[in-house]
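Participant: Dropping in work_9.cif, which is mmCIF, C-alpha atoms:
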data_final
loop_
_atom_site.group_PDB
_atom_site.id
_atom_site.type_symbol
_atom_site.label_atom_id
_atom_site.label_comp_id
_atom_site.auth_asym_id
_atom_site.auth_seq_id
_atom_site.Cartn_x
_atom_site.Cartn_y
_atom_site.Cartn_z
ATOM 1 C CA MET K 991 137.229 39.196 11.219
ATOM 2 C CA ASN K 992 139.201 42.097 9.820
ATOM 3 C CA PHE K 993 137.645 44.970 7.904
ATOM 4 C CA LYS K 994 138.651 43.611 4.484
ATOM 5 C CA ALA K 995 137.063 40.245 5.263
ATOM 6 C CA LEU K 996 133.912 42.035 6.413
ATOM 7 C CA LEU K 997 133.707 43.974 3.155
ATOM 8 C CA ILE K 998 134.069 40.759 1.173
ATOM 9 C CA PHE K 999 131.372 39.116 3.308
ATOM 10 C CA VAL K 1000 128.989 42.039 2.856
ATOM 11 C CA ALA K 1001 129.644 42.249 -0.896
ATOM 12 C CA ILE K 1002 128.981 38.544 -1.425
ATOM 13 C CA ALA K 1003 126.154 38.077 1.055
ATOM 14 C CA PHE K 1004 124.177 41.162 0.177
ATOM 15 C CA SER K 1005 124.667 41.079 -3.585
ATOM 16 C CA SER K 1006 123.322 37.529 -3.705
ATOM 17 C CA PRO K 1007 119.702 37.191 -4.828
ATOM 18 C CA SER K 1008 118.841 35.379 -1.607
ATOM 19 C CA TRP K 1009 120.116 34.486 1.847
ATOM 20 C CA ALA K 1010 119.891 30.848 0.756
ATOM 21 C CA GLU K 1011 122.722 31.405 -1.741
ATOM 22 C CA ALA K 1012 124.836 33.095 0.948
ATOM 23 C CA ASP K 1013 124.225 30.007 3.085
ATOM 24 C CA SER K 1014 125.439 27.754 0.273
ATOM 25 C CA LEU K 1015 128.668 29.790 0.183
ATOM 26 C CA ASN K 1016 129.200 28.928 3.865
ATOM 27 C CA LEU K 1017 128.602 32.536 4.935
ATOM 28 C CA SER K 1018 125.729 31.841 7.272
ATOM 29 C CA THR K 1019 126.102 31.225 10.973
ATOM 30 C CA SER K 1020 124.598 27.776 10.853
ATOM 31 C CA ASP K 1021 124.398 24.879 8.447
ATOM 32 C CA THR K 1022 121.161 23.827 10.150
ATOM 33 C CA ALA K 1023 119.243 27.101 9.767
ATOM 34 C CA SER K 1024 115.909 26.354 8.165
ATOM 35 C CA GLN K 1025 115.119 27.971 4.843
ATOM 36 C CA SER K 1026 111.780 29.118 6.314
ATOM 37 C CA GLU K 1027 113.839 31.545 8.418
ATOM 38 C CA VAL K 1028 115.334 33.147 5.284
ATOM 39 C CA PRO K 1029 114.046 36.679 4.659
ATOM 40 C CA PRO K 1030 111.982 37.000 1.448
ATOM 41 C CA ALA K 1031 113.547 38.600 -1.636
ATOM 42 C CA ALA K 1032 111.366 41.682 -1.031
ATOM 43 C CA ASP K 1033 113.567 42.506 1.955
ATOM 44 C CA GLN K 1034 116.514 43.639 -0.216
ATOM 45 C CA GLN K 1035 116.355 47.112 1.386
ATOM 46 C CA TRP K 1036 116.658 45.614 4.873
ATOM 47 C CA LYS K 1037 119.703 43.614 3.723
ATOM 48 C CA SER K 1038 121.241 46.856 2.525
ATOM 49 C CA ASP K 1039 120.356 48.456 5.862
ATOM 50 C CA ILE K 1040 122.111 45.629 7.709
ATOM 51 C CA ALA K 1041 125.275 46.396 5.747
ATOM 52 C CA LEU K 1042 125.019 50.031 6.920
ATOM 53 C CA ILE K 1043 124.603 48.894 10.538
ATOM 54 C CA ILE K 1044 127.648 46.614 10.388
ATOM 55 C CA ASP K 1045 129.737 49.252 8.622
ATOM 56 C CA LYS K 1046 128.864 51.931 11.199
ATOM 57 C CA ALA K 1047 129.632 49.535 14.060
ATOM 58 C CA TYR K 1048 133.066 48.724 12.588
ATOM 59 C CA GLU K 1049 133.817 52.437 12.157
ATOM 60 C CA LEU K 1050 133.584 52.778 15.941
ATOM 61 C CA THR K 1051 136.059 50.022 16.848
ATOM 62 C CA GLY K 1052 138.797 51.276 19.100
ATOM 63 C CA ILE K 1053 136.640 53.906 20.825
ATOM 64 C CA LYS K 1054 136.890 53.626 24.594
ATOM 65 C CA TYR K 1055 134.193 52.290 26.879
ATOM 66 C CA LYS K 1056 132.553 54.827 29.144
ATOM 67 C CA LEU K 1057 129.652 54.007 31.455
ATOM 68 C CA GLY K 1058 126.732 56.151 30.292
ATOM 69 C CA GLY K 1059 128.759 57.397 27.325
ATOM 70 C CA SER K 1060 126.754 58.071 24.195
ATOM 71 C CA ARG K 1061 129.113 59.805 21.735
ATOM 72 C CA PRO K 1062 132.330 58.833 19.955
ATOM 73 C CA GLU K 1063 134.121 61.801 21.501
ATOM 74 C CA THR K 1064 133.440 60.635 25.050
ATOM 75 C CA GLY K 1065 133.081 56.884 24.602
ATOM 76 C CA PHE K 1066 130.159 54.459 24.801
ATOM 77 C CA ASP K 1067 128.680 51.886 27.094
ATOM 78 C CA CYS K 1068 127.229 48.776 25.431
ATOM 79 C CA SER K 1069 123.625 49.890 25.012
ATOM 80 C CA GLN K 1070 124.484 53.428 23.971
ATOM 81 C CA PHE K 1071 126.867 51.989 21.370
ATOM 82 C CA VAL K 1072 124.019 49.907 19.878
ATOM 83 C CA LYS K 1073 121.623 52.860 20.058
ATOM 84 C CA TYR K 1074 124.142 55.163 18.343
ATOM 85 C CA VAL K 1075 124.902 52.666 15.552
ATOM 86 C CA PHE K 1076 121.214 52.225 14.650
ATOM 87 C CA GLU K 1077 120.550 55.965 14.839
ATOM 88 C CA GLN K 1078 123.532 56.857 12.656
ATOM 89 C CA ALA K 1079 123.122 54.027 10.147
ATOM 90 C CA LEU K 1080 119.341 54.057 9.725
ATOM 91 C CA ASN K 1081 117.986 57.008 11.690
ATOM 92 C CA LEU K 1082 116.200 54.527 13.980
ATOM 93 C CA SER K 1083 115.622 55.430 17.601
ATOM 94 C CA LEU K 1084 116.177 52.550 20.005
ATOM 95 C CA PRO K 1085 115.734 52.445 23.790
ATOM 96 C CA PRO K 1086 118.767 53.308 25.950
ATOM 97 C CA SER K 1087 119.315 50.135 28.002
ATOM 98 C CA ALA K 1088 120.257 46.528 27.259
ATOM 99 C CA ARG K 1089 117.197 45.262 29.124
ATOM 100 C CA SER K 1090 114.801 47.486 27.143
ATOM 101 C CA LEU K 1091 116.549 46.558 23.879
ATOM 102 C CA SER K 1092 116.005 42.872 24.717
ATOM 103 C CA LYS K 1093 112.241 43.426 24.646
ATOM 104 C CA MET K 1094 112.269 44.710 21.066
ATOM 105 C CA GLY K 1095 111.973 42.670 17.927
ATOM 106 C CA GLU K 1096 111.691 38.992 17.233
ATOM 107 C CA THR K 1097 113.466 36.488 19.483
ATOM 108 C CA ILE K 1098 116.161 34.630 17.535
ATOM 109 C CA LYS K 1099 117.764 31.270 18.318
ATOM 110 C CA PHE K 1100 121.557 31.151 18.527
ATOM 111 C CA GLU K 1101 121.774 28.951 15.441
ATOM 112 C CA ASP K 1102 119.618 31.401 13.430
ATOM 113 C CA LEU K 1103 121.678 34.531 14.097
ATOM 114 C CA GLN K 1104 122.172 36.885 11.167
ATOM 115 C CA PRO K 1105 124.298 40.030 10.887
ATOM 116 C CA GLY K 1106 122.566 42.979 12.531
ATOM 117 C CA ASP K 1107 120.855 40.903 15.241
ATOM 118 C CA LEU K 1108 121.289 42.062 18.822
ATOM 119 C CA VAL K 1109 122.940 39.584 21.197
ATOM 120 C CA PHE K 1110 122.461 39.736 24.972
ATOM 121 C CA PHE K 1111 124.485 38.517 27.931
ATOM 122 C CA ASN K 1112 124.344 38.230 31.710
ATOM 123 C CA THR K 1113 127.572 39.981 32.718
ATOM 124 C CA ARG K 1114 126.486 41.551 36.014
ATOM 125 C CA LYS K 1115 124.568 38.704 37.618
ATOM 126 C CA SER K 1116 121.507 40.098 35.879
ATOM 127 C CA LYS K 1117 119.861 38.889 32.684
ATOM 128 C CA PHE K 1118 120.221 41.153 29.669
ATOM 129 C CA SER K 1119 122.857 43.344 31.334
ATOM 130 C CA HIS K 1120 125.073 43.506 28.215
ATOM 131 C CA VAL K 1121 124.336 43.867 24.484
ATOM 132 C CA GLY K 1122 126.257 43.738 21.226
ATOM 133 C CA ILE K 1123 125.603 43.516 17.491
ATOM 134 C CA TYR K 1124 126.095 40.213 15.702
ATOM 135 C CA VAL K 1125 128.366 40.661 12.650
ATOM 136 C CA GLY K 1126 128.421 37.086 11.304
ATOM 137 C CA ASN K 1127 130.878 34.194 11.520
ATOM 138 C CA ASN K 1128 129.973 33.681 15.211
ATOM 139 C CA GLU K 1129 131.323 37.156 16.062
ATOM 140 C CA PHE K 1130 129.782 40.243 17.595
ATOM 141 C CA ILE K 1131 130.896 43.824 18.147
ATOM 142 C CA HIS K 1132 130.384 45.575 21.476
ATOM 143 C CA ALA K 1133 131.641 48.044 24.044
ATOM 144 C CA PRO K 1134 132.907 45.593 26.708
ATOM 145 C CA ARG K 1135 133.785 47.418 29.954
ATOM 146 C CA THR K 1136 135.843 50.151 31.589
ATOM 147 C CA GLY K 1137 139.429 50.131 30.400
ATOM 148 C CA LYS K 1138 138.532 48.432 27.095
ATOM 149 C CA THR K 1139 137.520 49.658 23.652
ATOM 150 C CA ILE K 1140 134.793 48.741 21.179
ATOM 151 C CA ARG K 1141 135.870 45.492 19.576
ATOM 152 C CA VAL K 1142 134.835 42.298 17.839
ATOM 153 C CA GLU K 1143 134.793 39.057 19.816
ATOM 154 C CA SER K 1144 133.805 35.463 19.228
ATOM 155 C CA LEU K 1145 130.492 34.251 20.610
ATOM 156 C CA THR K 1146 132.093 30.823 20.896
ATOM 157 C CA LYS K 1147 134.524 31.955 23.592
ATOM 158 C CA ASN K 1148 133.644 30.148 26.793
ATOM 159 C CA TYR K 1149 133.089 33.457 28.648
ATOM 160 C CA TRP K 1150 130.398 34.618 26.209
ATOM 161 C CA LEU K 1151 128.779 31.219 25.708
ATOM 162 C CA LYS K 1152 128.224 30.836 29.459
ATOM 163 C CA ARG K 1153 126.630 34.290 29.673
ATOM 164 C CA PHE K 1154 124.554 34.303 26.478
ATOM 165 C CA ASN K 1155 120.913 35.250 27.276
ATOM 166 C CA GLY K 1156 119.433 35.400 23.799
ATOM 167 C CA ALA K 1157 119.119 37.487 20.672
ATOM 168 C CA THR K 1158 116.582 39.644 18.901
ATOM 169 C CA ARG K 1159 116.114 40.926 15.377
ATOM 170 C CA VAL K 1160 114.912 44.524 15.186
ATOM 171 C CA GLU K 1161 113.026 45.446 12.026
ATOM 172 C CA PRO K 1162 112.670 49.134 11.038
ATOM 173 C CA GLU K 1163 108.878 49.239 11.356
ATOM 174 C CA GLU K 1164 109.160 48.208 15.033
ATOM 175 C CA THR K 1165 111.077 51.351 15.953
ATOM 176 C CA LEU K 1166 108.716 53.962 14.514
#
How does this structure look as structure tokens?
Facilitator:
Amino acid sequence: MNFKALLIFVAIAFSSPSWAEADSLNLSTSDTASQSEVPPAADQQWKSDIALIIDKAYELTGIKYKLGGSRPETGFDCSQFVKYVFEQALNLSLPPSARSLSKMGETIKFEDLQPGDLVFFNTRKSKFSHVGIYVGNNEFIHAPRTGKTIRVESLTKNYWLKRFNGATRVEPEETL
């Protein structure tokens, strides 16, 4: 998804009175997601916060991967990228590793993913060894590995499907 498409998605999805309407516009990740999973209308601020998270993540595309890196000037590894995005977008402090991030928030089923959810993978023969941020349309943004840059990829690629470990949704009150 290019940046213009993302802006259109965010404008439509987050200006709608409810997630249910976004679903009816075919903007959700699943046609089978139950309406009981839809956030209540009182969560408008969190929807706005999700837009900030996605926007900040997209701003960092193209920055190189660096193991242990935690700043745009030096590069990021996957977990430090996620940590930096949440800190910059919402001033939320998250733990520094993929494994510790996987223990935060509510566990989310693949078919119930929403933008801003954290997605986890087994990329080093170890569960929860890689993390990214779900951006919608079955895509996520992440810092992949040495020699690569922060980028958006499809969760439906065979490589990622085979390694998918789960997802979580981090709410602001959980990070205080």
Participant: Once the PyMOL selection byres ((chain K and resi 1138) around 12) has been applied to the shown file, what residues remain in the selection, as number ranges by chain?
Facilitator: K: 1051-1057, 1065-1068, 1132-1137, 1139-1142
Participant: For the structure shown, which residues end up in the PyMOL selection byres ((chain K and resi 1046) around 10)? Put them as an MDAnalysis selection string, please?
Facilitator: chainID K and resid 1040:1045 1047:1051 1074:1080
Participant: For the structure provided, state which residues fall under the PyMOL selection byres ((chain K and resi 1090-1095) around 10), and present them as a ChimeraX atom specification.
Facilitator: /K:1069,1072-1073,1084-1089,1096-1098,1107-1110,1117-1121,1155-1165
Participant: Return the single residue from K:Gln1104, K:Ser1144, K:Phe1130, K:Phe1071 that is closest to K:Gly1059, with distances computed using only C-alpha atoms.
Facilitator: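 Among the listed residues, K:Phe1071 lies closest to K:Gly1059.
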Participant: Between atom CA of K:Pro1105 and atom CA of K:Thr1064, what is the distance, to one decimal in Å?
Facilitator: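 According to the coordinates, atom CA of K:Pro1105 and atom CA of K:Thr1064 are separated by 26.6 Å.
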Participant: Just how far from atom CA of K:Asn1128 is atom CA of K:Ser1038, in Å to one decimal?
Facilitator: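 So the answer is 20.3 Å.
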Participant: Interatomic distance between atom CA of K:Phe1154 and atom CA of K:Asn1112?
Facilitator: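 Between atom CA of K:Phe1154 and atom CA of K:Asn1112 the gap works out to 6.5 Å.
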Participant: Find the smallest box with edges along x, y and z containing every listed atom of stretch 1142-1160 of chain K, then add 8 Å on each side and report centre and edge lengths in Å to one decimal, as lines of an AutoDock Vina configuration file.
Facilitator:
center_x = 124.9
center_y = 37.3
center_z = 22.4
size_x = 35.9
size_y = 30.4
size_z = 30.5
Participant: Let me make sure I understand: among K:Gln1070, K:Glu1101, K:Tyr1149, K:Gln1034, which one has the smallest atom-to-atom distance to K:Gly1126 if we use all atoms listed in the file?
Facilitator: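 The shortest atom-to-atom distance to K:Gly1126 comes from K:Glu1101.
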Participant: Select, from K:Gly1058, K:Glu1129, K:Gln1035, K:Ser1116, the residue with the minimum atom-to-atom distance to K:Leu1151, counting all atoms listed in the file.
Facilitator: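 Looking at the shortest contact to K:Leu1151, the residue is K:Glu1129.
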